[in-house]
>>> print(open('query18.cif').read())   # mmCIF, C-alpha atoms
data_final
#
loop_
_atom_site.label_atom_id
_atom_site.label_comp_id
_atom_site.auth_asym_id
_atom_site.auth_seq_id
_atom_site.Cartn_x
_atom_site.Cartn_y
_atom_site.Cartn_z
CA MET N 68 73.81 53.96 87.07
CA SER N 69 72.57 50.97 85.15
CA ASP N 70 73.79 51.08 81.58
CA LEU N 71 75.99 54.00 80.56
CA ILE N 72 77.58 53.80 77.12
CA VAL N 73 79.84 56.49 75.68
CA LYS N 74 80.99 56.08 72.09
CA VAL N 75 82.10 57.90 68.99
CA ALA N 76 78.86 58.99 67.36
CA ASP N 77 77.69 57.83 63.97
CA TRP N 78 77.25 61.22 62.29
CA GLY N 79 74.39 60.21 60.01
CA LYS N 80 72.42 58.23 62.56
CA GLU N 81 73.04 60.19 65.75
CA PHE N 82 73.53 63.83 64.83
CA ALA N 83 69.84 64.60 65.39
CA ALA N 84 70.20 63.33 68.97
CA ILE N 85 73.37 65.41 69.43
CA GLN N 86 71.54 68.49 68.15
CA ALA N 87 68.63 67.85 70.51
CA ILE N 88 70.90 67.50 73.56
CA ARG N 89 72.87 70.64 72.73
CA LYS N 90 69.71 72.61 71.98
CA SER N 91 68.20 71.57 75.31
CA VAL N 92 71.32 72.31 77.40
CA PHE N 93 72.91 75.27 75.66
CA GLN N 94 70.04 77.13 74.02
CA GLU N 95 67.04 76.40 76.22
CA GLU N 96 68.72 75.98 79.62
CA GLN N 97 71.68 78.37 79.30
CA GLY N 98 70.38 80.87 76.74
CA VAL N 99 73.18 80.42 74.18
CA ASP N 100 72.37 81.62 70.66
CA SER N 101 72.02 78.71 68.22
CA ALA N 102 74.46 80.41 65.81
CA ILE N 103 77.14 80.26 68.50
CA ASP N 104 76.41 76.63 69.38
CA PHE N 105 76.09 75.41 65.80
CA ASP N 106 79.06 77.31 64.40
CA GLY N 107 79.68 75.33 61.21
CA LYS N 108 82.51 73.26 62.71
CA ASP N 109 80.52 70.11 63.48
CA GLY N 110 81.12 68.51 60.08
CA THR N 111 84.89 68.47 60.57
CA SER N 112 84.82 67.31 64.20
CA ASN N 113 84.51 63.97 65.96
CA HIS N 114 81.46 63.66 68.17
CA LEU N 115 80.80 61.52 71.21
CA ILE N 116 77.40 60.49 72.43
CA ALA N 117 76.39 59.01 75.76
CA SER N 118 73.35 56.86 76.39
CA LEU N 119 71.99 55.87 79.77
CA ASN N 120 69.60 52.92 79.82
CA GLY N 121 69.17 53.28 76.06
CA GLU N 122 68.36 57.01 76.06
CA TYR N 123 70.74 59.62 74.66
CA VAL N 124 71.75 61.92 77.51
CA GLY N 125 75.07 63.57 76.71
CA THR N 126 77.51 64.64 74.03
CA ALA N 127 80.77 66.42 73.27
CA ARG N 128 82.77 67.22 70.17
CA ILE N 129 86.47 66.99 69.45
CA ARG N 130 88.04 69.49 67.08
CA TYR N 131 91.61 69.06 65.85
CA LEU N 132 93.28 72.47 65.81
CA ASP N 133 96.49 71.18 64.22
CA GLU N 134 98.63 68.00 64.15
CA THR N 135 99.47 68.26 67.85
CA THR N 136 96.47 69.95 69.51
CA ALA N 137 92.82 69.04 69.98
CA LYS N 138 90.02 70.94 71.66
CA ILE N 139 87.09 69.28 73.43
CA GLU N 140 83.98 71.40 73.07
CA ARG N 141 80.21 71.35 73.52
CA LEU N 142 80.18 68.99 76.51
CA ALA N 143 76.50 68.73 77.38
CA VAL N 144 74.59 66.42 79.72
CA LEU N 145 70.81 66.52 80.07
CA PRO N 146 69.54 67.42 83.56
CA ILE N 147 67.99 63.96 84.08
CA ALA N 148 71.45 62.36 83.78
CA ARG N 149 73.50 64.77 85.89
CA GLY N 150 75.16 63.50 89.03
CA TYR N 151 75.90 60.05 87.59
CA GLY N 152 79.37 60.76 86.20
CA VAL N 153 78.20 61.04 82.60
CA GLY N 154 80.22 64.19 81.88
CA LYS N 155 83.36 62.62 83.32
CA LYS N 156 82.88 59.45 81.24
CA ILE N 157 82.40 61.54 78.09
CA MET N 158 85.61 63.44 78.83
CA GLN N 159 87.52 60.21 79.53
CA LYS N 160 86.35 58.76 76.20
CA ALA N 161 87.29 61.99 74.41
CA LEU N 162 90.79 61.80 75.89
CA GLU N 163 91.12 58.16 74.75
CA VAL N 164 90.07 59.07 71.21
CA ILE N 165 92.46 62.01 71.09
CA ASP N 166 95.36 60.01 72.56
CA SER N 167 94.88 57.31 69.90
CA LYS N 168 95.66 59.94 67.25
CA ASN N 169 99.04 60.83 68.81
CA ILE N 170 97.91 64.33 69.74
CA LEU N 171 100.22 65.98 72.28
CA GLU N 172 97.82 68.28 74.15
CA VAL N 173 94.16 69.04 74.69
CA LEU N 174 92.51 72.41 75.27
CA ILE N 175 89.10 73.16 76.70
CA HIS N 176 87.13 76.26 77.57
CA ALA N 177 85.38 74.86 80.63
CA GLN N 178 82.37 76.48 82.19
CA GLU N 179 83.66 77.75 85.51
CA TYR N 180 81.26 75.73 87.65
CA ILE N 181 82.62 72.40 86.34
CA LYS N 182 86.31 73.32 86.42
CA GLY N 183 86.81 70.77 89.22
CA LEU N 184 85.69 67.91 86.98
CA HIS N 185 88.36 68.80 84.46
CA GLN N 186 91.01 69.18 87.17
CA GLN N 187 90.23 65.60 88.26
CA LEU N 188 91.10 64.55 84.69
CA GLY N 189 94.47 66.29 84.72
CA PHE N 190 93.58 69.64 83.14
CA GLU N 191 95.24 72.77 84.47
CA GLN N 192 93.81 76.28 84.36
CA GLU N 193 95.51 78.88 82.17
CA GLY N 194 94.80 82.54 82.71
CA GLU N 195 91.80 84.26 84.17
CA ILE N 196 88.07 83.58 83.96
CA PHE N 197 86.45 84.99 80.83
CA GLU N 198 82.97 85.17 79.33
CA GLU N 199 82.00 83.13 76.30
CA ALA N 200 78.38 83.18 75.10
CA GLY N 201 77.52 85.10 78.29
CA ILE N 202 78.80 82.26 80.53
CA ARG N 203 81.89 82.31 82.76
CA HIS N 204 84.60 80.03 81.39
CA VAL N 205 88.21 79.15 82.10
CA LYS N 206 90.81 77.99 79.59
CA MET N 207 92.36 74.67 80.60
CA ARG N 208 95.06 72.48 79.06
CA ARG N 209 96.27 68.91 79.49
CA LYS N 210 99.43 67.44 78.02
CA LEU N 211 99.00 63.86 76.79
CA LYS N 212 102.57 62.95 75.93
#
>>> encode(input="query18.cif", output="C-alpha cells")
Amino acid sequence: MSDLIVKVADWGKEFAAIQAIRKSVFQEEQGVDSAIDFDGKDGTSNHLIASLNGEYVGTARIRYLDETTAKIERLAVLPIARGYGVGKKIMQKALEVIDSKNILEVLIHAQEYIKGLHQQLGFEQEGEIFEEAGIRHVKMRRKLK
C-alpha cells in the first residue's frame, strides 16, 4: 500500500466523494435503498475519508448519540481498495476522533462478515445477529474510558 491517508473530511469539498463511495458500495453493490443510506443525519455527523495514492477509496461517519456515546456508521471501502487495511485504518481514525472528544463508548452495527475486523479493534458483540437494510448485522460496543 503506497500512500494511504485517512482524515476528517472537509464537508464542502469532499462530500461528493463520500456520496459516490457510499452509492457504489451500499446502493449498487449491496442493494441498499438510497433513502436508508442517506437518512438525513449526515449534516450533523463527522465524516472520515480515505485516499489511496490520491484517489478516494473509503469513508465512514461518526454520529454522537449523546454526551457519552458515539456510533460509527456507513463504513464503506471501494472494491479496488479492499484487502489493504483501509477499513481498519478508517476505524482506527474514527476511534481517535471520538476519544479526543471524551466520549466513553462507541457503538456499531457491523455487517456480520466483517465482525472480526471490529473484534481486532476491541469491539465486543452484543446480542444476536439481525437484519438491517436486508443485510445481516451484529451490534457491537467498545468502551473507551
>>> closest_residue(input="query18.cif", among="N:Gly121, N:Gly150, N:Gly201, N:Gly79", to="Gly98 of chain N", atoms="all atoms listed in the file")
N:Gly201
>>> closest_residue(input="query18.cif", among="N:Ala200, N:Leu71, N:Ala76, N:Ile88", to="Lys155 of chain N", atoms="only C-alpha atoms")
N:Leu71
>>> closest_residue(input="query18.cif", among="N:Met207, N:Ala102, N:Ile147, N:Ala83", to="Glu191 of chain N", atoms="all atoms listed in the file")
N:Met207
>>> resolve_selection(input="query18.cif", expression="the PyMOL selection byres ((chain N and resi 212) around 12)", output="ChimeraX atom specification")
/N:135-136,162,165-173,209-211
>>> closest_residue(input="query18.cif", among="N:Ser101, N:Gln94, N:Gln86, N:Gln178", to="Tyr123 of chain N", atoms="only C-alpha atoms")
N:Gln86
>>> closest_residue(input="query18.cif", among="N:Lys138, N:Gly110, N:Val144, N:Ile175", to="Ser91 of chain N", atoms="all atoms listed in the file")
N:Val144
>>> resolve_selection(input="query18.cif", expression="the PyMOL selection byres ((chain N and resi 156) around 10)", output="PyMOL selection string")
chain N and resi 71-74+117+125+151-155+157-162
>>> resolve_selection(input="query18.cif", expression="the PyMOL selection byres ((chain N and resi 120) around 8)", output="NGL selection string")
:N and (69-71 or 118-119 or 121-122)
>>> atom_distance(input="query18.cif", atom1="atom CA of Arg128 of chain N", atom2="atom CA of Val164 of chain N")
11.0 Å
>>> residues_around(input="query18.cif", residues="segment 193-196 of chain N", least_positions_apart="2", cutoff="6 Å", atoms="all atoms listed in the file", output="ChimeraX atom specification")
/N:204-207
>>> atom_distance(input="query18.cif", atom1="atom CA of Leu142 of chain N", atom2="atom CA of Lys90 of chain N")
12.0 Å
>>> closest_residue(input="query18.cif", among="N:Glu199, N:Asp133, N:Glu163, N:Glu179", to="Asp104 of chain N", atoms="all atoms listed in the file")
N:Glu199
>>> atom_distance(input="query18.cif", atom1="atom CA of Lys80 of chain N", atom2="atom CA of Tyr131 of chain N")
22.3 Å
>>> axis_aligned_box(input="query18.cif", around="segment 201-206 of chain N", padding_each_side="4 Å", output="AutoDock Vina command-line options")
--center_x 84.2 --center_y 81.5 --center_z 80.5 --size_x 21.3 --size_y 15.1 --size_z 12.5
>>> build_atoms(input="query18.cif", residues="segment 103-116 of chain N", atoms="N, CA and C atoms", output="compact mmCIF listing (two decimals), keeping the file's coordinate frame")
# COMPACT_ATOMS: atom_id res chain seq x y z
N ILE N 103 75.89 80.47 67.78
CA ILE N 103 77.14 80.26 68.50
C ILE N 103 77.36 78.77 68.72
N ASP N 104 76.31 78.07 69.13
CA ASP N 104 76.41 76.63 69.38
C ASP N 104 76.72 75.88 68.08
N PHE N 105 75.91 76.09 67.08
CA PHE N 105 76.09 75.41 65.80
C PHE N 105 76.83 76.35 64.87
N ASP N 106 78.16 76.33 65.02
CA ASP N 106 79.06 77.31 64.40
C ASP N 106 79.66 76.87 63.07
N GLY N 107 79.16 75.79 62.48
CA GLY N 107 79.68 75.33 61.21
C GLY N 107 80.89 74.41 61.31
N LYS N 108 81.32 74.09 62.53
CA LYS N 108 82.51 73.26 62.71
C LYS N 108 82.18 71.81 63.05
N ASP N 109 80.90 71.47 63.12
CA ASP N 109 80.52 70.11 63.48
C ASP N 109 80.91 69.08 62.42
N GLY N 110 80.83 69.45 61.16
CA GLY N 110 81.12 68.51 60.08
C GLY N 110 82.56 68.06 60.01
N THR N 111 83.47 68.83 60.60
CA THR N 111 84.89 68.47 60.57
C THR N 111 85.39 68.01 61.94
N SER N 112 84.47 67.73 62.84
CA SER N 112 84.82 67.31 64.20
C SER N 112 84.40 65.87 64.43
N ASN N 113 85.01 65.25 65.44
CA ASN N 113 84.51 63.97 65.96
C ASN N 113 83.49 64.29 67.04
N HIS N 114 82.48 63.46 67.15
CA HIS N 114 81.46 63.66 68.17
C HIS N 114 81.33 62.41 69.02
N LEU N 115 81.08 62.62 70.30
CA LEU N 115 80.80 61.52 71.21
C LEU N 115 79.36 61.64 71.65
N ILE N 116 78.77 60.49 71.92
CA ILE N 116 77.40 60.49 72.43
C ILE N 116 77.31 59.49 73.56
